[in-house]
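To keep things clear, I will list the structure first and then write my remarks on it.
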Amino acid sequence: MANSLTLQQVARATGGVLHGFTAEDHHIRFLLTDSRRLVFPRAALFFALKTAKNDGHRYIGELLENGVQGFVVSRLPDNKSWLAQAAFILVEDTLEALQLLAAHHRKQFEFPVIGITGSNGKTIVKEWLSQLLAEKYFVVKNPRSFNSQTGVPLSVWQMNEGHETAIFEAGISRMGEMEKLQRIIRPEWGIFTNIGPAHDEGFPDKETKIREKLQLFRESTLLIYRADNEMLDITIQNWAKGYPQLKLFRWGSAPDCNIQLVNLDKNTHGTRIELQRNNKLWQYSIPFTDDASVENLMHCIAFLHCRDLADGQLASKLQKIQPVAMRLQMRQGINQCMLIDDVYNSDIMSLGVALDFLNSQVKQKEKVLILSDILQAGISPRQLYEEVADLVKAKDVRKLIGIGPDISAHRKSFSHMDARFFASTQEFLASFDPLQFRDQGILLKGARDFEFEHISRKLQFQDHQTVMEIDLDALVHNLNVYKSMLRSGVKTTAMVKAFSYGSGSYEIAGVLQYHQVDYLAVAFADEGKELRNAGITLPIMVLNPELHNLDILFRYRLEPEIYSVLLLRRLMQEASRHESITRKGRFPIHIKLDTGMHRMGFMEEDLEELLQVLKNNEWLRVASVFSHLAAADMPQYDDFTREQILMFFSMSHRIEKELGYNFLRHIANSAAISRFPEAQMDMVRLGIGLYGVDANKDVEAQLRNVNTFKSVISQIKKVPAGHTVGYNRAGQLDRDTLVGIVPVGYADGLNRRLGNRKGYLLVNGQKAPILGNVSMDMCTIDLTGLKAAPGDEVIVFGKELPVSQLADLLGTIPYEIFTSIPARVRRVYFQE
């Protein structure tokens with residue numbers, strides 16, 4: 001295989017020096033940058049990347065134990081015995097080495113490569129163009145949005161001799177990055193999707209940003225773009241003068257474009273497009289009406305016309321084009337199952353990503369993979385399904401349902417597991433029995449042609465259209481924003497109490513565990529018990545332990561907050577009954593100090609008795625001492641906050657001195673991390689900040705929205721002036737009104753105080769005031785003068801309508817709004 005290199009070849013390609021184990025017959029097939037995604041240890045090469053908050057060199061010992069024998073490092077290990085166990089290729093910069101290796105690999109292939117860049121639409125254009133080319137060519141492309149400095153080289157490494165065309169997208173956020181990606185991709189043909197405000201902060205001005213993105217095409221022979229943006233058009237034409245080999249292919253509304261967009265006719269079924277090229281008219285119908293989808297498909301149409309691939313089948317292909325699922329979706333399934341959807345994307349690399357997500361979320365349940373034929377693999381079916389079988393086995397999936405003729409023909413590859421096979425999705429559905437799925441984690445992974453959405457509908461528990469969407473990528477982004485503010489060595493506790501602020505319990509905890517927070521904190525022992533039953537292994541702090549169920553703490557290894565001597569004595573009594581647990585090491589507890597909040601906790605005058613009891617116990621050990629800031633988010637009380645911090649320093653120091661051993665100290669919440677860096681101490685507690693809310697607006701500007709509460713318009717009707725809407729005739733109409741009915745009410749968490757035009761919902765980005773009283777299960781909105789139709793999405797809060805703005809309107813705080821969304825509202829989790 002082309003993507004199989006010896007360690008010596010890797011060293012030459014990266015300019016590195018080979019140390020340690022140097023067997024000539026040791027071949028590398030898989031590149032690894034995340035130790036958690038290890039599948040094939042013997043054939044893996046780990047790049048120890050260094051970032052602002054992490055260092056891949058830390059994970060070398062763990063990977064050695066798991067059988068990895070190849071490493072690219074920027075420093076040799078201190079443990080010299082490792083050099084006898086594995087090969088270490090020493091380079092100056094491990095990220096640059098990864099890119100150099102991918103660039104070397106790219107040079108081995110002569111088939112056409114299409115490069116895509118722009119501010120928006122890169123992934124959609126890539127996926128749709130791949131769909132349209134799939135019948136003619138074996139296409140290799142980035143999995144999902146792997147378009148970064150690490151994602152692009154990992155994507156290009158997939159190229160092999162079985163492929164006939166490649167499509168790679170490239171995304172950048174600052175100057176100098178595109179030059180590195182260009183050396184890896186080296187596209188013959190290019191598409192520039194558009195220019196927008198994304199990542200403006202990384203460039204001095206918009207023209208410079210356009211020119212930086214254009215570096216991807218400096219060796220290309222063709223560039224396709226939309227010419228309707230005057231600045232983009234002029235900038236590209238001026239830039240292209242320096243590259244005489246580059247042909248520009250412009251499409252847009254102007255008559256001088258290579259393809260003129262003559263007319264767009266939008267209707268309830270989609271959009272009819274009329275084009276003119278070389279004085280010939282072309283007409284196409286597409287199943288989308290939004291401007292972004294029209295533009296994205298026009299890029300694909302322009303490419304096919306330019307390359308003389310717009311055959312007689314194009315019109316029917318465009319009518320069948322499928323929307324692209326940009327993210328993994330996780331939701332509650334039937335019979336206590338957890339369902340993960342990835343039903344529009346199927347290749348072995350994205351299968352590995354999806355299985356990693358399954359493993360991060362499902363610990364105790366049996367894992368089931370429902371997998372279609374993998375199309376466009378570029379290698380023989382036998383080799384493909386052997387690799388799939390090895391991957392599935394490595395990810396501890398015990399049950400497989402294979403759908404499609406190819407995977408069914410290679411069922412012997414899966415003889416090690418419980419596997420059933422069906423020739424088609426229809427055959428599977430005909431024999432579907434819901435009782436066969438119970439208390440399992442189910443991953444749906446299917447190519448578009450297999451229409452796995454029909455299986456998804458059978459397996460999901462609820463199909464109510466009012467949902468809370470939780471963006472797990474945004475959650476991780478926010479976690480990393482706060483981590484970047486911490487001093488080296490400061491640990492993190494993530495607050496997952498109250499259903500993780502309404503976002504979910506083990507779903508959120510699983511992601512936080514995967515991304516290596518140090519502690520989780522819940523309010524009550526039952527919440528911790530649920531996390532343990534779901535397979536969460538992180539230390540869990542219980543902030544409100546109750547006297548009647550202290551035994552749960554020991555049975556489920558939950559670490560209690562101690563706020564009174566009474567609780568401490570009762571816990572000691574309980575500990576004596578769990579000697580099998582406590583004798584392995586004294587049971588960890590967390591001492592709560594009251595420094596001014598005046599809720600639970602020890603005041604300064606209580607320390608003498610506390611210390612006396614602690615010093616005379618043989619069962620418990622203090623793991624941390626902490627306190628709670630009362631107003632860290634309110635500048636008018638900053639002096640009081642500083643007094644709390646000083647008091648905490650004094651009280652915790654006394655405890656440490658008298659106990660004679662060290663423990664963690666923590667007082668900083670989300671707001672204090674940036675506003676009072678001196679309060680970071682040994683650990684911080686992250687709560688509302690994880691969900692994109694921070695009192696420091698400079699910090700909040702760096703955060704991403706996590707939760708989106710949304711519904712749809714069920715019905716639209718015209719109601720004459722003088723009539724009323726809703727209960728108690730509260731919605732008096734003083735004009736003829738277009739009324740929309742939305743299936744979200746106060747039983748779903750929509751506050752009744754928002755009724756009677758005091759609040760509004762967003763419909764297609766437009767404000768729609770709430771009419772009359774909010775009902776239990778629905779509300780009515782004023783759509784007069786707005787662009788809306790039944791089925792359109794309605795936002796209660798989210799990125800466009802921040803929860804903090806809604807909280808201000810209601811005179812409350814985001815915490816209350818998040819936690820008021822009940823369990824009957826379906827949670828849907830997304831990950832790129």
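Ligands are numbered from 1 in the order shown, chains are lettered A, B, ... in the order of the structure tokens, and residues start at 1 in each chain.
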Report task. For Glu201 of chain A, list every protein, DNA or RNA residue within 12 Å, evaluated using only C-alpha atoms, and leave out those in the same chain fewer than 4 positions away; present the list as a list in words. Result ->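 Surrounding residues, per the criterion: Ile172, Ser173, Arg174, Met175, Gly196, Pro197, Asp205, Lys206, Thr208, Lys209 and Gln702 of chain A.
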If you count only C-alpha atoms, which residues fall within 8 Å of Leu369 of chain A, apart from same-chain ones fewer than 6 positions away, as a compact mmCIF listing (two decimals) with N, CA and C atoms, in the first residue's frame?
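Written output follows (result-v5.txt):
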# COMPACT_ATOMS: atom_id res chain seq x y z
N VAL A 397 -16.80 -3.15 20.58
CA VAL A 397 -18.18 -3.31 20.15
C VAL A 397 -18.45 -4.81 20.00
N LYS A 399 -21.61 -6.22 19.24
CA LYS A 399 -22.75 -6.60 18.41
C LYS A 399 -22.78 -5.74 17.16
N LEU A 400 -22.95 -6.37 16.00
CA LEU A 400 -22.96 -5.67 14.71
C LEU A 400 -24.19 -6.05 13.93
N ILE A 401 -24.82 -5.06 13.32
CA ILE A 401 -25.85 -5.29 12.31
C ILE A 401 -25.33 -4.68 11.02
N ILE A 442 -26.27 2.48 20.89
CA ILE A 442 -26.41 2.11 19.47
C ILE A 442 -25.82 3.22 18.60
N LEU A 443 -24.87 2.86 17.76
CA LEU A 443 -24.31 3.79 16.78
C LEU A 443 -24.85 3.43 15.40
N LEU A 444 -25.54 4.39 14.78
CA LEU A 444 -26.01 4.25 13.40
C LEU A 444 -24.99 4.91 12.48
N LYS A 445 -24.40 4.13 11.59
CA LYS A 445 -23.36 4.67 10.72
C LYS A 445 -23.62 4.19 9.30
Residues of segment 91-193 of chain A that approach segment 319-338 of chain A to 10 Å or less, counting only C-alpha atoms: could you list each one with the shortest pair of atoms and its distance in Å to one decimal, rows by chain and increasing residue number, as JSON lines?
{"residue": "A:Thr123", "atom": "CA", "partner": "A:Met326", "partner_atom": "CA", "distance": 8.1}
{"residue": "A:Ile124", "atom": "CA", "partner": "A:Val324", "partner_atom": "CA", "distance": 6.5}
{"residue": "A:Val125", "atom": "CA", "partner": "A:Val324", "partner_atom": "CA", "distance": 9.7}
{"residue": "A:Glu127", "atom": "CA", "partner": "A:Val324", "partner_atom": "CA", "distance": 7.2}
{"residue": "A:Trp128", "atom": "CA", "partner": "A:Ile321", "partner_atom": "CA", "distance": 7.3}
{"residue": "A:Leu129", "atom": "CA", "partner": "A:Ile321", "partner_atom": "CA", "distance": 9.9}
{"residue": "A:Gln131", "atom": "CA", "partner": "A:Ile321", "partner_atom": "CA", "distance": 7.6}
{"residue": "A:Leu132", "atom": "CA", "partner": "A:Ile321", "partner_atom": "CA", "distance": 8.1}
{"residue": "A:Arg144", "atom": "CA", "partner": "A:Met326", "partner_atom": "CA", "distance": 6.8}
{"residue": "A:Ser145", "atom": "CA", "partner": "A:Met326", "partner_atom": "CA", "distance": 8.2}
Report task. For Ile817 of chain A, please output as JSON, numbers by chain all residues within 8 Å (counting only C-alpha atoms; exclusion window: fewer than 5 positions along the same chain). Result -> {"A": [749, 803, 807]}
Query - helix (DSSP H, G or I) residues, from DSSP on the backbone, in segment 139-315 of chain A, as number ranges by chain - result: A: 151-156, 177-185, 200-202, 206-217, 230-240, 291-306, 314-315
**Report entry** DSSP strand (DSSP E or B) selection over segment 47-213 of chain A, as a count of residues only
**Finding:** 28
Query raised in the report: Which is closer to Ser253 of chain A than all the others in A:Gln215, A:Gln69, A:Gln276, A:Ser148, using only C-alpha atoms?
Result: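 Closest to Ser253 of chain A of all the choices is A:Gln276.
Close contacts of Val481 of chain A, defined as residues with an atom at most 8 Å away when counting only C-alpha atoms, with chain neighbours fewer than 4 positions off set aside, comprise His477, Met485, Gln702 and Leu703 of chain A.
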Query - Atomic distance atom CA of Asp78 of chain A - atom CA of Arg487 of chain A, expressed in Å with one decimal - result: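 A separation of 24.5 Å between them.
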Query raised in the report: Given the choices A:Phe461, A:Phe421, A:Trp619, A:Trp189, which gets closest to Arg569 of chain A if the distance is worked out from only C-alpha atoms?
Result: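 Looking only at the distances to Arg569 of chain A, the closest residue turns out to be A:Trp619.
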Report task. Would you mind telling me which residue in A:Leu486, A:Ile374, A:Ala302, A:Leu538 lies nearest to Val511 of chain A when using only C-alpha atoms? Result -> A:Leu538
Query raised in the report: A:Phe71, A:Tyr59, A:Tyr514, A:Phe47: which is nearest Asp93 of chain A, counting only C-alpha atoms?
Result: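 The closest residue to Asp93 of chain A is A:Phe47.
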Requested in this report: Mind checking which residues fall within 10 Å of Gly67 of chain A, counting only C-alpha atoms, ignoring those fewer than 4 positions away in the same chain, and posting them as a PyMOL selection string?
Outcome: chain A and resi 38+40-44+62-63+85-86
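Of the residues listed (A:Ile379, A:Ile688, A:Leu664, A:Leu181), A:Ile688 shows the shortest atom-to-atom separation from Lys497 of chain A; distances use only C-alpha atoms.
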Query - Selection: 9 Å around Phe422 of chain A, only C-alpha atoms, excl. self and same-chain fewer than 2 positions, as an MDAnalysis selection string - result: chainID A and resid 401:405 407:408 420 424:428
Requested in this report: Can you work out which one of A:Val368, A:Leu133, A:Ala575, A:Leu49 has the shortest atom-to-atom distance to Asp396 of chain A, counting only C-alpha atoms?
Outcome: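 Under the stated criterion, the closest residue is A:Val368.
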